[in-house]
Every structure is written in structure tokens, then in C-alpha cells.
file model.txt (compact mmCIF, C-alpha atoms (C1' of nucleotides))
# COMPACT_ATOMS: atom_id res chain seq x y z
CA MET V 1106 -21.00 124.15 -114.41
CA LYS V 1107 -20.72 123.37 -118.08
CA ILE V 1108 -23.86 123.58 -120.23
CA ALA V 1109 -23.47 122.17 -123.74
CA CYS V 1110 -25.47 121.75 -126.91
CA PHE V 1111 -24.79 119.11 -129.55
CA ASN V 1112 -26.68 118.25 -132.74
CA VAL V 1113 -25.78 114.56 -132.95
CA ASN V 1114 -27.47 113.65 -136.28
CA SER V 1115 -28.91 110.40 -134.83
CA ILE V 1116 -28.13 109.53 -131.22
CA ASN V 1117 -27.89 105.82 -132.03
CA ALA V 1118 -25.51 106.30 -134.98
CA ARG V 1119 -23.46 108.67 -132.78
CA LEU V 1120 -23.58 106.84 -129.44
CA LEU V 1121 -19.87 106.01 -129.13
CA ASN V 1122 -18.85 109.54 -130.13
CA VAL V 1123 -21.30 111.05 -127.63
CA LEU V 1124 -20.26 108.76 -124.75
CA ASP V 1125 -16.57 109.49 -125.40
CA TRP V 1126 -17.23 113.21 -125.52
CA LEU V 1127 -19.30 113.18 -122.31
CA LYS V 1128 -16.49 111.36 -120.48
CA ASN V 1129 -13.92 113.81 -121.84
CA ALA V 1130 -15.80 117.12 -121.49
CA GLN V 1131 -17.74 116.30 -118.31
CA PRO V 1132 -20.61 118.73 -118.96
CA GLY V 1133 -23.22 119.11 -116.19
CA VAL V 1134 -26.01 119.68 -118.69
CA VAL V 1135 -26.27 118.75 -122.39
CA CYS V 1136 -28.97 119.69 -124.88
CA LEU V 1137 -29.07 117.21 -127.76
CA GLN V 1138 -30.72 117.80 -131.14
CA GLU V 1139 -31.62 115.49 -134.04
CA LEU V 1140 -31.96 112.30 -132.03
CA LYS V 1141 -33.79 110.78 -135.03
CA CYS V 1142 -35.52 108.22 -132.84
CA GLU V 1143 -38.51 107.74 -130.59
CA GLU V 1144 -38.05 107.79 -126.84
CA HIS V 1145 -38.13 103.99 -126.48
CA LYS V 1146 -35.12 103.71 -128.82
CA PHE V 1147 -33.08 106.35 -126.96
CA PRO V 1148 -29.92 104.76 -125.42
CA ARG V 1149 -30.96 105.75 -121.91
CA GLU V 1150 -29.04 103.09 -119.98
CA GLU V 1151 -25.67 103.90 -121.56
CA ILE V 1152 -26.06 107.62 -120.84
CA GLU V 1153 -27.49 107.13 -117.35
CA ALA V 1154 -24.44 104.97 -116.60
CA LEU V 1155 -22.34 108.14 -116.95
CA GLY V 1156 -24.41 109.82 -114.24
CA TYR V 1157 -26.97 111.71 -116.31
CA ASN V 1158 -30.71 112.10 -115.82
CA CYS V 1159 -32.32 112.05 -119.28
CA LEU V 1160 -35.35 114.01 -120.49
CA VAL V 1161 -36.24 112.81 -123.98
CA HIS V 1162 -38.66 114.28 -126.55
CA GLY V 1163 -38.24 111.87 -129.42
CA GLN V 1164 -39.73 111.42 -132.87
CA LYS V 1165 -39.48 108.62 -135.40
CA SER V 1166 -36.71 109.21 -138.00
CA TYR V 1167 -36.58 112.99 -137.77
CA ASN V 1168 -35.89 115.77 -135.26
CA GLY V 1169 -35.98 114.75 -131.59
CA VAL V 1170 -34.38 116.59 -128.65
CA ALA V 1171 -33.15 115.66 -125.19
CA ILE V 1172 -31.68 117.28 -122.10
CA LEU V 1173 -29.10 115.34 -120.06
CA SER V 1174 -28.32 116.56 -116.54
CA LYS V 1175 -26.08 115.39 -113.72
CA LEU V 1176 -28.20 117.53 -111.38
CA PRO V 1177 -31.89 116.92 -110.64
CA ILE V 1178 -34.03 117.94 -113.62
CA GLU V 1179 -37.74 118.56 -113.96
CA GLU V 1180 -39.59 119.00 -117.24
CA GLU V 1181 -41.46 122.28 -117.78
CA ARG V 1182 -42.82 121.77 -121.31
CA ARG V 1183 -42.07 119.89 -124.52
CA ALA V 1184 -43.67 122.29 -126.96
CA LEU V 1185 -43.71 126.04 -127.35
CA PRO V 1186 -46.84 127.63 -125.86
CA LEU V 1187 -49.60 127.86 -128.52
CA ASN V 1188 -47.69 125.21 -130.48
CA GLU V 1189 -48.69 122.08 -128.55
CA GLU V 1190 -50.10 120.50 -131.71
CA ASP V 1191 -46.70 120.68 -133.45
CA GLU V 1192 -45.86 117.19 -134.75
CA GLN V 1193 -42.15 118.00 -134.91
CA SER V 1194 -40.07 117.38 -131.78
CA ARG V 1195 -37.93 120.49 -131.66
CA PHE V 1196 -38.35 121.93 -128.16
CA LEU V 1197 -37.73 120.86 -124.58
CA GLU V 1198 -37.64 123.06 -121.47
CA ALA V 1199 -36.62 122.02 -117.97
CA ILE V 1200 -35.65 123.37 -114.56
CA ILE V 1201 -32.32 122.17 -113.19
CA SER V 1202 -31.63 122.38 -109.45
CA ALA V 1203 -28.16 123.41 -108.37
CA PRO V 1204 -26.70 122.19 -105.03
CA ASN V 1205 -26.65 125.75 -103.62
CA GLY V 1206 -30.43 125.88 -103.71
CA LYS V 1207 -30.41 127.90 -106.94
CA ALA V 1208 -32.06 126.79 -110.14
CA ILE V 1209 -31.56 127.41 -113.82
CA ARG V 1210 -34.05 127.00 -116.65
CA VAL V 1211 -32.58 125.24 -119.68
CA ILE V 1212 -34.30 125.21 -123.07
CA CYS V 1213 -33.16 122.89 -125.84
CA VAL V 1214 -34.10 124.02 -129.37
CA TYR V 1215 -33.80 122.49 -132.81
CA CYS V 1216 -35.04 125.33 -134.99
CA PRO V 1217 -36.52 124.45 -138.38
CA ASN V 1218 -34.25 124.45 -141.42
CA GLY V 1219 -36.82 126.19 -143.66
CA ASN V 1220 -35.55 125.16 -147.08
CA PRO V 1221 -36.67 125.49 -149.81
CA VAL V 1222 -37.65 129.10 -149.18
CA ASP V 1223 -40.56 129.18 -151.65
CA THR V 1224 -42.46 126.49 -149.72
CA PRO V 1225 -44.48 126.20 -146.48
CA LYS V 1226 -41.29 124.98 -144.81
CA PHE V 1227 -39.96 128.53 -144.77
CA ASP V 1228 -43.23 129.87 -143.34
CA TYR V 1229 -43.04 127.17 -140.65
CA LYS V 1230 -39.50 128.25 -139.77
CA LEU V 1231 -40.48 131.91 -139.38
CA ALA V 1232 -43.67 131.10 -137.44
CA TRP V 1233 -41.71 128.78 -135.13
CA MET V 1234 -39.16 131.50 -134.45
CA ALA V 1235 -41.97 134.00 -133.78
CA ARG V 1236 -43.43 131.65 -131.15
CA LEU V 1237 -39.99 131.21 -129.56
CA ILE V 1238 -39.54 135.00 -129.43
CA ALA V 1239 -42.93 135.41 -127.72
CA HIS V 1240 -42.05 132.69 -125.21
CA CYS V 1241 -38.63 134.17 -124.39
CA LYS V 1242 -40.23 137.58 -123.95
CA ASN V 1243 -42.54 136.08 -121.32
CA LEU V 1244 -39.70 134.24 -119.58
CA LEU V 1245 -37.62 137.42 -119.36
CA GLU V 1246 -40.38 138.99 -117.26
CA LEU V 1247 -39.62 136.38 -114.55
CA GLU V 1248 -36.14 137.96 -114.15
CA GLU V 1249 -34.57 134.53 -113.65
CA ALA V 1250 -31.53 132.75 -115.04
CA PHE V 1251 -32.25 130.80 -118.22
CA VAL V 1252 -30.30 129.46 -121.18
CA VAL V 1253 -31.71 128.68 -124.63
CA CYS V 1254 -29.31 126.65 -126.72
CA GLY V 1255 -29.13 124.29 -129.65
CA ASP V 1256 -29.14 124.28 -133.44
CA TRP V 1257 -30.61 127.60 -134.60
CA ASN V 1258 -30.42 126.92 -138.33
CA ILE V 1259 -29.64 130.62 -138.80
CA ILE V 1260 -26.31 132.06 -139.95
CA PRO V 1261 -26.27 135.34 -137.98
CA ARG V 1262 -23.54 137.24 -139.86
CA PRO V 1263 -21.84 137.08 -143.28
CA GLU V 1264 -18.61 136.17 -141.48
CA ASP V 1265 -20.31 133.13 -139.93
CA CYS V 1266 -19.93 131.33 -143.27
CA HIS V 1267 -17.22 131.01 -145.89
CA ASP V 1268 -19.08 132.48 -148.85
CA PRO V 1269 -22.13 134.65 -148.06
CA LYS V 1270 -22.90 134.84 -151.80
CA ALA V 1271 -23.45 131.07 -151.87
CA TRP V 1272 -25.88 131.33 -148.95
CA GLU V 1273 -27.75 134.50 -149.92
CA ASN V 1274 -31.02 132.83 -150.89
CA ASP V 1275 -30.82 129.96 -148.41
CA ALA V 1276 -33.34 129.81 -145.55
CA LEU V 1277 -30.44 129.85 -143.05
CA PHE V 1278 -29.20 133.24 -144.27
CA ARG V 1279 -32.28 134.94 -145.70
CA ALA V 1280 -33.01 138.42 -144.33
CA GLU V 1281 -36.30 137.18 -142.83
CA SER V 1282 -34.47 134.51 -140.80
CA ARG V 1283 -31.75 136.86 -139.61
CA ALA V 1284 -34.40 139.44 -138.69
CA LYS V 1285 -35.97 136.86 -136.38
CA TRP V 1286 -32.55 136.23 -134.84
CA HIS V 1287 -32.07 139.95 -134.18
CA GLU V 1288 -35.58 140.25 -132.80
CA LEU V 1289 -34.80 137.45 -130.34
CA LEU V 1290 -31.48 138.98 -129.22
CA ASN V 1291 -33.03 142.43 -128.98
CA LEU V 1292 -35.36 141.16 -126.25
CA GLY V 1293 -32.27 141.40 -124.07
CA LEU V 1294 -30.62 138.02 -124.47
CA THR V 1295 -26.83 137.55 -124.60
CA ASP V 1296 -25.24 135.34 -127.26
CA SER V 1297 -22.39 133.67 -125.36
CA PHE V 1298 -20.29 133.32 -128.52
CA MET V 1299 -20.58 137.01 -129.38
CA ALA V 1300 -20.00 138.07 -125.77
CA LEU V 1301 -16.78 136.08 -125.34
CA ASP V 1302 -15.38 135.45 -128.83
CA GLY V 1303 -17.12 136.83 -131.90
CA ARG V 1304 -14.30 136.06 -134.33
CA ALA V 1305 -15.15 135.42 -137.98
CA HIS V 1306 -15.33 131.86 -139.37
CA GLN V 1307 -15.72 129.99 -136.08
CA TYR V 1308 -17.89 127.23 -137.46
CA THR V 1309 -20.04 124.67 -135.66
CA PHE V 1310 -21.28 122.72 -138.74
CA TRP V 1311 -19.53 121.36 -141.82
CA ASP V 1312 -21.48 119.48 -144.50
CA TYR V 1313 -20.50 115.87 -145.11
CA GLN V 1314 -20.35 116.62 -148.85
CA GLY V 1315 -17.76 118.22 -151.04
CA GLY V 1316 -14.89 117.99 -148.58
CA ALA V 1317 -16.43 120.79 -146.52
CA TRP V 1318 -14.57 119.75 -143.34
CA PRO V 1319 -11.00 119.42 -144.76
CA ARG V 1320 -11.56 122.67 -146.69
CA ASP V 1321 -13.04 124.35 -143.57
CA LEU V 1322 -16.18 125.42 -145.43
CA GLY V 1323 -18.58 125.51 -142.49
CA ILE V 1324 -21.23 127.69 -140.89
CA HIS V 1325 -21.77 128.98 -137.36
CA ILE V 1326 -25.30 127.98 -136.32
CA ASP V 1327 -25.05 126.48 -132.81
CA THR V 1328 -24.80 128.74 -129.75
CA HIS V 1329 -26.30 129.67 -126.37
CA LEU V 1330 -28.56 132.64 -125.59
CA LEU V 1331 -28.65 133.77 -121.96
CA SER V 1332 -31.06 135.82 -119.88
CA PRO V 1333 -29.40 138.76 -118.05
CA GLN V 1334 -29.36 136.74 -114.79
CA ALA V 1335 -27.59 133.86 -116.59
CA ALA V 1336 -25.26 136.21 -118.49
CA ASP V 1337 -24.03 137.51 -115.12
CA LEU V 1338 -22.70 133.98 -114.46
CA LEU V 1339 -21.06 133.46 -117.87
CA LYS V 1340 -17.37 132.46 -117.68
CA SER V 1341 -16.41 130.92 -121.02
CA HIS V 1342 -17.59 129.64 -124.40
CA LYS V 1343 -16.06 126.75 -126.32
CA ILE V 1344 -16.63 125.18 -129.74
CA TRP V 1345 -15.38 121.58 -129.66
CA ARG V 1346 -14.01 121.74 -133.18
CA ASN V 1347 -11.78 118.67 -132.84
CA GLU V 1348 -14.85 116.43 -132.54
CA ARG V 1349 -15.48 116.92 -136.27
CA GLU V 1350 -12.23 115.05 -136.95
CA MET V 1351 -13.33 111.87 -135.13
CA PRO V 1352 -14.41 108.72 -136.99
CA LYS V 1353 -18.19 108.70 -137.59
CA ALA V 1354 -18.46 112.34 -136.47
CA SER V 1355 -21.72 114.28 -136.58
CA ASP V 1356 -21.80 117.15 -139.07
CA HIS V 1357 -22.17 119.49 -136.04
CA VAL V 1358 -19.72 119.76 -133.13
CA PRO V 1359 -20.60 120.28 -129.45
CA VAL V 1360 -20.60 123.84 -128.09
CA SER V 1361 -20.35 124.50 -124.35
CA ILE V 1362 -20.43 127.39 -121.93
CA GLU V 1363 -19.17 127.55 -118.35
CA LEU V 1364 -21.49 129.18 -115.83
CA ALA V 1365 -20.51 130.18 -112.27
CA LEU V 1366 -23.26 128.05 -110.77
C1' DA Y 7 -14.71 114.06 -164.33
C1' DT Y 8 -18.27 120.05 -162.62
C1' DG Y 9 -18.88 114.71 -158.84
C1' DA Y 10 -17.56 113.96 -154.21
C1' DC Y 11 -22.36 112.56 -147.74
C1' DC Y 12 -25.03 110.54 -144.09
C1' DT Y 13 -29.22 108.70 -141.76
C1' DA Y 14 -33.69 106.01 -141.04
C1' DA Y 15 -37.04 103.30 -142.95
C1' DC Y 16 -42.33 98.04 -143.60
C1' DT Y 17 -34.64 99.54 -147.38
C1' DT Y 18 -32.95 98.02 -153.19
C1' DT Y 19 -35.15 104.20 -153.22
C1' DT Y 20 -36.60 108.22 -150.93
C1' DA Y 21 -36.91 112.23 -147.91
C1' DG Y 22 -34.53 115.25 -145.18
C1' DG Y 23 -30.72 117.57 -143.78
C1' DA Y 24 -28.17 122.68 -144.29
call {"tool": "encode", "arguments": {"input": "model.txt", "output": "C-alpha cells"}}
result
Amino acid sequence: MKIACFNVNSINARLLNVLDWLKNAQPGVVCLQELKCEEHKFPREEIEALGYNCLVHGQKSYNGVAILSKLPIEEERRALPLNEEDEQSRFLEAIISAPNGKAIRVICVYCPNGNPVDTPKFDYKLAWMARLIAHCKNLLELEEAFVVCGDWNIIPRPEDCHDPKAWENDALFRAESRAKWHELLNLGLTDSFMALDGRAHQYTFWDYQGGAWPRDLGIHIDTHLLSPQAADLLKSHKIWRNEREMPKASDHVPVSIELAL
DNA sequence: ATGACCTAACTTTTAGGA
């Protein structure tokens, strides 16, 4: 089964791109970020028509996440524990039932950007990541298969961008942000990109400005983290780079993994 | 030429993105 993540930068502005990609890629599960709409404005009928059950955690204008699943899906939570009062829709966790009687937990994340770094936005980013780390630590104790995927808003390595110098004081590349990333991985999670590829300059986001796409000046910030039980099932990892070329493309491209499930 | 984008919103300007 294919599990994908895709920051769509408005689901309604991106609907035709998303529907085309779903038909082409045929993922079983998709975690969407940056819906930029409330649940009642989510294009549920069009997506359900392709065979997906939709869990939607929307928000007016900003943020917003969803999980689409061809298999039965049940919501677990729509906020990180101890963060239920968060006004920003950035988290959605569900249990997906496989036909063989097995189940997999899927967590969709849209981690905070955190810029500018000398403001409360950066503190919010780091505190949000700390809560996610605590939650993943608890989930790992269950010794079950789970996948956390989405837009991390963290550039893990210098080679995950074109010019590390240009990013050195940005919230996405600051030492504090990358330390949180390492802390999360060091719990015992597997980054599917690093496990199966790991090459330099394999970007998942290119800014709309400055000809970033034609010049290939991107950053690698979208990937999947897997519990050991999920990592045992990991077959492949793919960045759908060609999607960035499409008319009206999002600034992110879809990323998918194949699990033996 | 030192700029060049995109989106939602009580739209004619702003906030946010990364």
C-alpha cells in the first residue's frame, strides 16, 4: 500500500491537480497539509468519488490537514496531547484497517514554519516539536506500526538545500530546529527518505518566487518517519518531482512510500 | 532593472508562507 503526503497550498485552488494525481498515483492513504479552508468548504464529494474516506481538520484561510484513505479509517485525535487548545490545525491522527486484519496508525503533520526567529513564532515551532516528540515517544511504547508524515518545515541537512549559507538563520535550518529533528529520529524512528535514498539535493519544495523551480533551488522538507514495526514493511520512497511542472502546481510536491501491508 | 509568487479574505491591501 502506498502512503503519501502532499502540502497542497489550498485544496480548493489545487483540486484539479490533486484529483489528477490521485488517479495517476493511486495511493491508499494520503496526508494533506495546508488545506486553507474550513471543513465545510473541503471538496469532499469530488475526493470521495475517487474512493476515499476523508478525515478533515480544517481552519479558515490558514493551515488545515486531512487524511484520505481507501481503507476504513477512524480518527484518534486532532491535536497533540496537552495541546488541545491549539488554534492552529496542524495535526491529525487516525487508525487505518488493512484487509488482513492488521492496522496502521497514520499521523498527518504540518509543523510550524517558525519565522521570523526572533519572535514567538519560533518559540511556538520548538514547543510544537517538543510536544510531537513526547507523543511519538509514548506511541513507540505500544510497539505498533505507525507513520508520521507531512511538511516538517525543517531542512535536516546542509545538502537538503542549494545554499546552506542563505538558510543559516532561517527557522527551517536553525540549529534549534534541526536539534528537534534529531531528537525525534533518535527516539528510534526511521526516515524513509534517508533509509532508501539519502542523496543530496532531492527537493520537495520550490518557492514560487525568483525562478526557484526552473533553477532547481529547492529544499527537502517533506518525508515520512516510521516506527520500527512500520519500517520493517518499508519497500520504497518516491518524490513526485514532475508534479511541480504542472500548471497551477503547489509549491510542494507529493511524497509517497510503499509499505508491504 | 538587484525585481521576478501565490493564496484567502467582510479584497483594491494585508498576512502568511518558507
call {"tool": "residues_around", "arguments": {"input": "model.txt", "residues": "range 1152-1158 of chain V", "least_positions_apart": "5", "cutoff": "10 Å", "atoms": "all atoms listed in the file", "output": "list in words"}}
result
Leu1120, Val1123, Leu1124, Leu1127, Lys1128, Gln1131, Pro1132, Gly1133, Val1134, Val1135, Phe1147, Ile1172, Leu1173, Ser1174, Lys1175, Leu1176, Pro1177, Ile1178 and Glu1179 of chain V
call {"tool": "closest_residue", "arguments": {"input": "model.txt", "among": "V:Glu1363, V:Asp1321, V:Glu1144, V:Asp1191", "to": "Ala1171 in chain V", "atoms": "all atoms listed in the file"}}
result
V:Glu1144
call {"tool": "closest_atom_pairs", "arguments": {"input": "model.txt", "of": "chain Y", "to": "chain V", "cutoff": "7 Å", "atoms": "only C-alpha atoms (C1' of nucleotides)", "output": "tab-separated table"}}
result
residue	atom	partner	partner_atom	distance
Y:DA10	C1'	V:Gly1315	CA	5.3
Y:DC11	C1'	V:Tyr1313	CA	4.6
Y:DA14	C1'	V:Ser1166	CA	5.3
Y:DA24	C1'	V:Asn1218	CA	7.0
call {"tool": "residues_around", "arguments": {"input": "model.txt", "residues": "Ala1109 in chain V", "least_positions_apart": "3", "cutoff": "12 Å", "atoms": "all atoms listed in the file", "output": "PyMOL selection string"}}
result
chain V and resi 1106+1112+1123+1126-1127+1130-1138+1171-1174+1211-1213+1252-1256+1297+1327-1330+1341-1345+1358-1364
call {"tool": "write_last_selection", "arguments": {"input": "model.txt", "atoms": "C-alpha atoms", "output": "mmCIF file, in the coordinates of the input"}}
result
data_model
loop_
_atom_site.group_PDB
_atom_site.id
_atom_site.type_symbol
_atom_site.label_atom_id
_atom_site.label_comp_id
_atom_site.auth_asym_id
_atom_site.auth_seq_id
_atom_site.Cartn_x
_atom_site.Cartn_y
_atom_site.Cartn_z
ATOM 1 C CA MET V 1106 -21.000 124.150 -114.410
ATOM 2 C CA ASN V 1112 -26.680 118.250 -132.740
ATOM 3 C CA VAL V 1123 -21.300 111.050 -127.630
ATOM 4 C CA TRP V 1126 -17.230 113.210 -125.520
ATOM 5 C CA LEU V 1127 -19.300 113.180 -122.310
ATOM 6 C CA ALA V 1130 -15.800 117.120 -121.490
ATOM 7 C CA GLN V 1131 -17.740 116.300 -118.310
ATOM 8 C CA PRO V 1132 -20.610 118.730 -118.960
ATOM 9 C CA GLY V 1133 -23.220 119.110 -116.190
ATOM 10 C CA VAL V 1134 -26.010 119.680 -118.690
ATOM 11 C CA VAL V 1135 -26.270 118.750 -122.390
ATOM 12 C CA CYS V 1136 -28.970 119.690 -124.880
ATOM 13 C CA LEU V 1137 -29.070 117.210 -127.760
ATOM 14 C CA GLN V 1138 -30.720 117.800 -131.140
ATOM 15 C CA ALA V 1171 -33.150 115.660 -125.190
ATOM 16 C CA ILE V 1172 -31.680 117.280 -122.100
ATOM 17 C CA LEU V 1173 -29.100 115.340 -120.060
ATOM 18 C CA SER V 1174 -28.320 116.560 -116.540
ATOM 19 C CA VAL V 1211 -32.580 125.240 -119.680
ATOM 20 C CA ILE V 1212 -34.300 125.210 -123.070
ATOM 21 C CA CYS V 1213 -33.160 122.890 -125.840
ATOM 22 C CA VAL V 1252 -30.300 129.460 -121.180
ATOM 23 C CA VAL V 1253 -31.710 128.680 -124.630
ATOM 24 C CA CYS V 1254 -29.310 126.650 -126.720
ATOM 25 C CA GLY V 1255 -29.130 124.290 -129.650
ATOM 26 C CA ASP V 1256 -29.140 124.280 -133.440
ATOM 27 C CA SER V 1297 -22.390 133.670 -125.360
ATOM 28 C CA ASP V 1327 -25.050 126.480 -132.810
ATOM 29 C CA THR V 1328 -24.800 128.740 -129.750
ATOM 30 C CA HIS V 1329 -26.300 129.670 -126.370
ATOM 31 C CA LEU V 1330 -28.560 132.640 -125.590
ATOM 32 C CA SER V 1341 -16.410 130.920 -121.020
ATOM 33 C CA HIS V 1342 -17.590 129.640 -124.400
ATOM 34 C CA LYS V 1343 -16.060 126.750 -126.320
ATOM 35 C CA ILE V 1344 -16.630 125.180 -129.740
ATOM 36 C CA TRP V 1345 -15.380 121.580 -129.660
ATOM 37 C CA VAL V 1358 -19.720 119.760 -133.130
ATOM 38 C CA PRO V 1359 -20.600 120.280 -129.450
ATOM 39 C CA VAL V 1360 -20.600 123.840 -128.090
ATOM 40 C CA SER V 1361 -20.350 124.500 -124.350
ATOM 41 C CA ILE V 1362 -20.430 127.390 -121.930
ATOM 42 C CA GLU V 1363 -19.170 127.550 -118.350
ATOM 43 C CA LEU V 1364 -21.490 129.180 -115.830
#
call {"tool": "atom_distance", "arguments": {"input": "model.txt", "atom1": "CA of Glu1190 in chain V", "atom2": "CA of Lys1285 in chain V"}}
result
22.1 Å
call {"tool": "atom_distance", "arguments": {"input": "model.txt", "atom1": "CA of Gly1169 in chain V", "atom2": "CA of Phe1196 in chain V"}}
result
8.3 Å
call {"tool": "closest_residue", "arguments": {"input": "model.txt", "among": "V:Gln1334, V:Thr1295, V:Asn1188, V:Asn1168", "to": "DG23 in chain Y", "atoms": "only C-alpha atoms (C1' of nucleotides)"}}
result
V:Asn1168
call {"tool": "residues_around", "arguments": {"input": "model.txt", "residues": "Arg1279 in chain V", "least_positions_apart": "5", "cutoff": "9 Å", "atoms": "only C-alpha atoms (C1' of nucleotides)", "output": "number ranges by chain"}}
result
V: 1222, 1259-1260, 1272-1274, 1284
call {"tool": "closest_residue", "arguments": {"input": "model.txt", "among": "V:Arg1182, V:Glu1246, V:Met1234, V:Ala1239", "to": "Arg1283 in chain V", "atoms": "all atoms listed in the file"}}
result
V:Met1234
call {"tool": "residues_near_point", "arguments": {"input": "model.txt", "point": "(-15.6, 139.2, -138.2)", "cutoff": "9 Å", "atoms": "all atoms listed in the file", "output": "PyMOL selection string"}}
result
chain V and resi 1262-1265+1303-1306
call {"tool": "atom_distance", "arguments": {"input": "model.txt", "atom1": "CA of Ile1209 in chain V", "atom2": "CA of Phe1251 in chain V"}}
result
5.6 Å
call {"tool": "closest_residue", "arguments": {"input": "model.txt", "among": "V:Ala1280, V:His1240, V:His1325, V:Pro1221", "to": "Cys1266 in chain V", "atoms": "all atoms listed in the file"}}
result
V:His1325
call {"tool": "residues_around", "arguments": {"input": "model.txt", "residues": "Glu1249 in chain V", "least_positions_apart": "4", "cutoff": "12 Å", "atoms": "only C-alpha atoms (C1' of nucleotides)", "output": "ChimeraX atom specification"}}
result
/V:1200,1207-1211,1241,1243-1245,1331-1338
call {"tool": "build_atoms", "arguments": {"input": "model.txt", "residues": "range 1106-1119 of chain V", "atoms": "N, CA and C atoms", "output": "short mmCIF file (atom, residue, chain, number, x, y, z; two decimals), keeping the file's coordinate frame"}}
result
data_model
loop_
_atom_site.label_atom_id
_atom_site.label_comp_id
_atom_site.auth_asym_id
_atom_site.auth_seq_id
_atom_site.Cartn_x
_atom_site.Cartn_y
_atom_site.Cartn_z
N MET V 1106 -20.38 125.27 -113.71
CA MET V 1106 -21.00 124.15 -114.41
C MET V 1106 -21.00 124.40 -115.91
N LYS V 1107 -20.74 123.32 -116.63
CA LYS V 1107 -20.72 123.37 -118.08
C LYS V 1107 -22.09 123.01 -118.64
N ILE V 1108 -22.61 123.86 -119.53
CA ILE V 1108 -23.86 123.58 -120.23
C ILE V 1108 -23.54 123.52 -121.72
N ALA V 1109 -23.85 122.38 -122.34
CA ALA V 1109 -23.47 122.17 -123.74
C ALA V 1109 -24.67 121.94 -124.62
N CYS V 1110 -24.48 122.19 -125.92
CA CYS V 1110 -25.47 121.75 -126.91
C CYS V 1110 -24.73 120.97 -127.98
N PHE V 1111 -25.43 120.00 -128.58
CA PHE V 1111 -24.79 119.11 -129.55
C PHE V 1111 -25.86 118.51 -130.46
N ASN V 1112 -25.82 118.90 -131.74
CA ASN V 1112 -26.68 118.25 -132.74
C ASN V 1112 -25.95 116.99 -133.18
N VAL V 1113 -26.50 115.83 -132.78
CA VAL V 1113 -25.78 114.56 -132.95
C VAL V 1113 -26.07 113.85 -134.28
N ASN V 1114 -27.10 114.30 -135.01
CA ASN V 1114 -27.47 113.65 -136.28
C ASN V 1114 -27.62 112.14 -136.08
N SER V 1115 -28.57 111.77 -135.26
CA SER V 1115 -28.91 110.40 -134.83
C SER V 1115 -28.12 109.99 -133.60
N ILE V 1116 -28.80 109.90 -132.47
CA ILE V 1116 -28.13 109.53 -131.22
C ILE V 1116 -27.63 108.09 -131.27
N ASN V 1117 -28.33 107.22 -131.98
CA ASN V 1117 -27.89 105.82 -132.03
C ASN V 1117 -26.69 105.64 -132.97
N ALA V 1118 -26.67 106.36 -134.09
CA ALA V 1118 -25.51 106.30 -134.98
C ALA V 1118 -24.29 106.95 -134.32
N ARG V 1119 -24.55 107.85 -133.36
CA ARG V 1119 -23.46 108.67 -132.78
C ARG V 1119 -23.12 108.24 -131.36
#
